[in-house]
Amino acid sequence: MTAVEAPAVLVTDEGGIRRITLNRPEAANALRPEDRDGVIDALREADGDPEIRVVVLAAEGRHFCSGADVKALARSRATGGEKRVGDAMRKIMDGAQALIAAVLDCGKPVVAVVQGPAAGIGAHLAFAADLVVASEEATFVESFVRRGLVMDGGGAYLLPRRIGMQKAKELAFFGDALPAAEALALGLVNRVVPAAELTAAADAFARRLVTSPTSAIAFTKKLLNASPDTDRQGAYLAEAMAQELQSHAHDSTEGVRAFVERRQPEYRGF
């Protein structure tokens with residue numbers, strides 16, 4: 001009897017929390033195209049499901065994600081036949097870039113739980129998350145240059161906006177591993193904790209977010225993500241429009257009423 005292979009991406013929903021777990025520890029959670037697409041689908045489903053209030057990205061084993069499956073890439077190049085102009089560009093735009101966009105565009109807050117090495121697109125998957133909790137053993141590596149590749153998956157967009165141009169170039173040009181403590185100092189992660197406390201620290205974030213005003217956070221996320229590319233006039237307009245929309249939400253009314261009545265609000269997420 002042939003053993004059934006465990007899913008490479010596990011998706012569970014409980015108590016308003018969607019957990020997306022990379023589950024190829026034997027391959028350092030390297031992402032094949034089908035794995036990447038599974039994560040994209042899970043994020044997009046979470047975005048449209050009103051019962052889901054927060055998404056947690058995690059991984060089994062020692063690695064968070066070692067990046068794209070380079071072995072699969074090598075096999076594809078060996079058997080792919082003649083290369084055509086635009087093919088590689090489409091694969092990147094529909095693949096790695098779509099993955100990072102799915103995190104950035106998800107209307108639910110996304111928490112990344114990084115227990116070990118996060119390299120290449122794996123590092124960008126963490127950097128795109130709204131909150132990052134890392135183990136003291138975690139590292140972040142812009143590994144593309146080590147393989148003679150140009151960084152993809154939104155790295156050239158994310159890094160300068162997170163840490164400034166000079167440090168972004170240093171990480172991209174040399175591909176050195178960035179320890180969790182340094183990532184914290186640069187503002188790339190929110191918390192660094194001992195490995196034994198990682199799950200509890202991430203769950204603490206998730207439990208707070210699952211009872212928060214989800215639609216207000218969604219608007220705020222969009223405003224913050226857009227702000228580096230928006231002038232003041234555009235940012236002010238978007239902010240005012242978001243306030244207008246949220247003012248009609250249940251949670252806006254509940255938040256004001258709870259403040260006046262001196263009690264804890266009971267947010268529904270809409």
# chains A, B, ... in the order shown; residues from 1 in each chain; ligands from 1
call {"tool": "select_by_dssp", "arguments": {"residues": "region 125-202 of chain A", "states": "helix (DSSP H, G or I)", "output": "ChimeraX atom specification"}}
result
/A:125-128,143-147,155-163,165-174,180-186,195-202
call {"tool": "residues_around", "arguments": {"residues": "Ile163 (chain A)", "least_positions_apart": "2", "cutoff": "10 Å", "atoms": "only C-alpha atoms", "output": "MDAnalysis selection string"}}
result
chainID A and resid 158:161 165:168 183 185:188
call {"tool": "write_last_selection", "arguments": {"atoms": "C-alpha atoms", "output": "PDB file, in the first residue's frame"}}
result
ATOM      1  CA  LEU A 158       9.924  45.873   0.122  1.00  0.00           C
ATOM      2  CA  LEU A 159      13.472  46.198   1.442  1.00  0.00           C
ATOM      3  CA  PRO A 160      14.204  49.901   0.779  1.00  0.00           C
ATOM      4  CA  ARG A 161      10.824  50.806   2.238  1.00  0.00           C
ATOM      5  CA  MET A 165      18.321  51.945   0.445  1.00  0.00           C
ATOM      6  CA  GLN A 166      21.886  51.503   1.736  1.00  0.00           C
ATOM      7  CA  LYS A 167      21.160  48.562   4.034  1.00  0.00           C
ATOM      8  CA  ALA A 168      18.899  47.020   1.413  1.00  0.00           C
ATOM      9  CA  ALA A 183      16.386  42.227  12.015  1.00  0.00           C
ATOM     10  CA  ALA A 185      16.979  46.486  15.379  1.00  0.00           C
ATOM     11  CA  LEU A 186      16.289  47.319  11.714  1.00  0.00           C
ATOM     12  CA  GLY A 187      12.541  47.128  12.228  1.00  0.00           C
ATOM     13  CA  LEU A 188      12.006  44.058  10.045  1.00  0.00           C
TER      14      LEU A 188
END
call {"tool": "closest_residue", "arguments": {"among": "A:Leu43, A:Ala68, A:Ile52, A:Val150", "to": "Ala129 (chain A)", "atoms": "only C-alpha atoms"}}
result
A:Leu43
call {"tool": "closest_residue", "arguments": {"among": "A:Gly234, A:Gly120, A:Gly269, A:Gly15", "to": "Gly255 (chain A)", "atoms": "only C-alpha atoms"}}
result
A:Gly269
call {"tool": "atom_distance", "arguments": {"atom1": "CA of Glu60 (chain A)", "atom2": "CA of Met93 (chain A)"}}
result
27.1 Å
call {"tool": "residues_around", "arguments": {"residues": "region 97-105 of chain A", "least_positions_apart": "5", "cutoff": "7 Å", "atoms": "only C-alpha atoms", "output": "PyMOL selection string"}}
result
chain A and resi 36+40+43-44+92+125+128-129+153-154
call {"tool": "closest_residue", "arguments": {"among": "A:Pro228, A:Ala238, A:Gly164, A:Val56", "to": "Ala204 (chain A)", "atoms": "only C-alpha atoms"}}
result
A:Val56
call {"tool": "closest_residue", "arguments": {"among": "A:Leu245, A:Ala235, A:Met151, A:Val132", "to": "Arg191 (chain A)", "atoms": "only C-alpha atoms"}}
result
A:Val132
call {"tool": "residues_around", "arguments": {"residues": "Leu178 (chain A)", "least_positions_apart": "3", "cutoff": "7 Å", "atoms": "only C-alpha atoms", "output": "number ranges by chain"}}
result
A: 139-141, 182-183
call {"tool": "residues_around", "arguments": {"residues": "Val39 (chain A)", "least_positions_apart": "4", "cutoff": "10 Å", "atoms": "only C-alpha atoms", "output": "PyMOL selection string"}}
result
chain A and resi 8-11+20-22+31+34-35+43-45+57+99+102-103
call {"tool": "closest_residue", "arguments": {"among": "A:Glu244, A:Asp251, A:Glu170, A:Asp229", "to": "Ala216 (chain A)", "atoms": "only C-alpha atoms"}}
result
A:Asp251
call {"tool": "decode", "arguments": {"residues": "region 129-145 of chain A", "atoms": "all heavy atoms", "output": "short mmCIF file (atom, residue, chain, number, x, y, z; two decimals), in the first residue's frame"}}
result
data_model
loop_
_atom_site.label_atom_id
_atom_site.label_comp_id
_atom_site.auth_asym_id
_atom_site.auth_seq_id
_atom_site.Cartn_x
_atom_site.Cartn_y
_atom_site.Cartn_z
N ALA A 129 4.48 40.42 5.70
CA ALA A 129 3.47 40.26 6.74
C ALA A 129 3.33 41.54 7.55
O ALA A 129 4.25 42.36 7.63
CB ALA A 129 3.84 39.09 7.66
N ASP A 130 2.18 41.70 8.17
CA ASP A 130 1.92 42.91 8.95
C ASP A 130 2.65 42.90 10.28
O ASP A 130 3.07 43.95 10.78
CB ASP A 130 0.42 43.05 9.20
CG ASP A 130 -0.34 43.11 7.88
OD1 ASP A 130 -0.07 44.02 7.09
OD2 ASP A 130 -1.20 42.24 7.65
N LEU A 131 2.78 41.74 10.87
CA LEU A 131 3.53 41.56 12.11
C LEU A 131 4.40 40.33 11.98
O LEU A 131 3.97 39.32 11.41
CB LEU A 131 2.57 41.40 13.31
CG LEU A 131 1.63 42.58 13.60
CD1 LEU A 131 0.58 42.17 14.63
CD2 LEU A 131 2.42 43.79 14.10
N VAL A 132 5.62 40.40 12.51
CA VAL A 132 6.55 39.27 12.43
C VAL A 132 7.06 38.95 13.82
O VAL A 132 7.63 39.82 14.49
CB VAL A 132 7.74 39.58 11.50
CG1 VAL A 132 8.64 38.35 11.37
CG2 VAL A 132 7.26 40.05 10.13
N VAL A 133 6.85 37.70 14.23
CA VAL A 133 7.40 37.21 15.49
C VAL A 133 8.47 36.18 15.14
O VAL A 133 8.20 35.23 14.39
CB VAL A 133 6.31 36.56 16.36
CG1 VAL A 133 6.90 36.12 17.70
CG2 VAL A 133 5.16 37.53 16.58
N ALA A 134 9.67 36.36 15.65
CA ALA A 134 10.79 35.51 15.26
C ALA A 134 11.44 34.87 16.48
O ALA A 134 11.50 35.47 17.56
CB ALA A 134 11.84 36.31 14.49
N SER A 135 11.91 33.66 16.28
CA SER A 135 12.73 33.00 17.28
C SER A 135 14.13 33.61 17.29
O SER A 135 14.58 34.19 16.30
CB SER A 135 12.81 31.50 16.96
OG SER A 135 13.91 30.90 17.60
N GLU A 136 14.81 33.48 18.41
CA GLU A 136 16.20 33.94 18.48
C GLU A 136 17.07 33.21 17.47
O GLU A 136 18.15 33.70 17.10
CB GLU A 136 16.75 33.71 19.88
CG GLU A 136 16.11 34.59 20.95
CD GLU A 136 16.54 34.24 22.36
OE1 GLU A 136 17.01 33.10 22.57
OE2 GLU A 136 16.42 35.10 23.25
N GLU A 137 16.63 32.05 16.99
CA GLU A 137 17.39 31.26 16.03
C GLU A 137 17.07 31.60 14.59
O GLU A 137 17.67 31.06 13.66
CB GLU A 137 17.11 29.77 16.28
CG GLU A 137 17.50 29.31 17.68
CD GLU A 137 16.94 27.94 18.02
OE1 GLU A 137 16.37 27.29 17.11
OE2 GLU A 137 17.07 27.52 19.17
N ALA A 138 16.13 32.51 14.36
CA ALA A 138 15.73 32.87 13.00
C ALA A 138 16.82 33.70 12.32
O ALA A 138 17.54 34.47 12.96
CB ALA A 138 14.42 33.64 13.02
N THR A 139 16.91 33.54 11.00
CA THR A 139 17.78 34.38 10.18
C THR A 139 17.04 34.72 8.89
O THR A 139 16.13 34.00 8.47
CB THR A 139 19.10 33.68 9.82
OG1 THR A 139 18.81 32.42 9.18
CG2 THR A 139 19.96 33.43 11.05
N PHE A 140 17.45 35.82 8.28
CA PHE A 140 16.83 36.28 7.04
C PHE A 140 17.94 36.48 6.01
O PHE A 140 18.94 37.15 6.29
CB PHE A 140 16.07 37.58 7.28
CG PHE A 140 14.98 37.44 8.33
CD1 PHE A 140 15.28 37.62 9.68
CD2 PHE A 140 13.69 37.11 7.98
CE1 PHE A 140 14.29 37.49 10.66
CE2 PHE A 140 12.69 36.97 8.93
CZ PHE A 140 13.00 37.15 10.28
N VAL A 141 17.76 35.88 4.84
CA VAL A 141 18.84 35.87 3.84
C VAL A 141 18.30 36.26 2.47
O VAL A 141 17.36 35.63 1.97
CB VAL A 141 19.50 34.48 3.74
CG1 VAL A 141 20.73 34.54 2.83
CG2 VAL A 141 19.87 33.94 5.10
N GLU A 142 18.91 37.28 1.86
CA GLU A 142 18.62 37.60 0.46
C GLU A 142 19.52 36.70 -0.39
O GLU A 142 20.57 37.10 -0.86
CB GLU A 142 18.90 39.08 0.20
CG GLU A 142 17.92 40.02 0.85
CD GLU A 142 16.50 39.83 0.33
OE1 GLU A 142 16.33 39.55 -0.87
OE2 GLU A 142 15.56 39.97 1.13
N SER A 143 19.07 35.48 -0.59
CA SER A 143 19.92 34.43 -1.14
C SER A 143 20.05 34.47 -2.66
O SER A 143 20.81 33.69 -3.23
CB SER A 143 19.36 33.06 -0.73
OG SER A 143 18.00 32.93 -1.10
N PHE A 144 19.36 35.36 -3.33
CA PHE A 144 19.36 35.37 -4.80
C PHE A 144 20.76 35.52 -5.37
O PHE A 144 21.14 34.82 -6.30
CB PHE A 144 18.46 36.51 -5.30
CG PHE A 144 17.04 36.39 -4.85
CD1 PHE A 144 16.61 37.04 -3.70
CD2 PHE A 144 16.13 35.62 -5.55
CE1 PHE A 144 15.30 36.94 -3.27
CE2 PHE A 144 14.81 35.50 -5.13
CZ PHE A 144 14.40 36.16 -3.98
N VAL A 145 21.52 36.46 -4.80
CA VAL A 145 22.86 36.73 -5.34
C VAL A 145 23.77 35.51 -5.19
O VAL A 145 24.69 35.30 -5.99
CB VAL A 145 23.48 37.97 -4.64
CG1 VAL A 145 23.85 37.67 -3.19
CG2 VAL A 145 24.68 38.48 -5.41
#
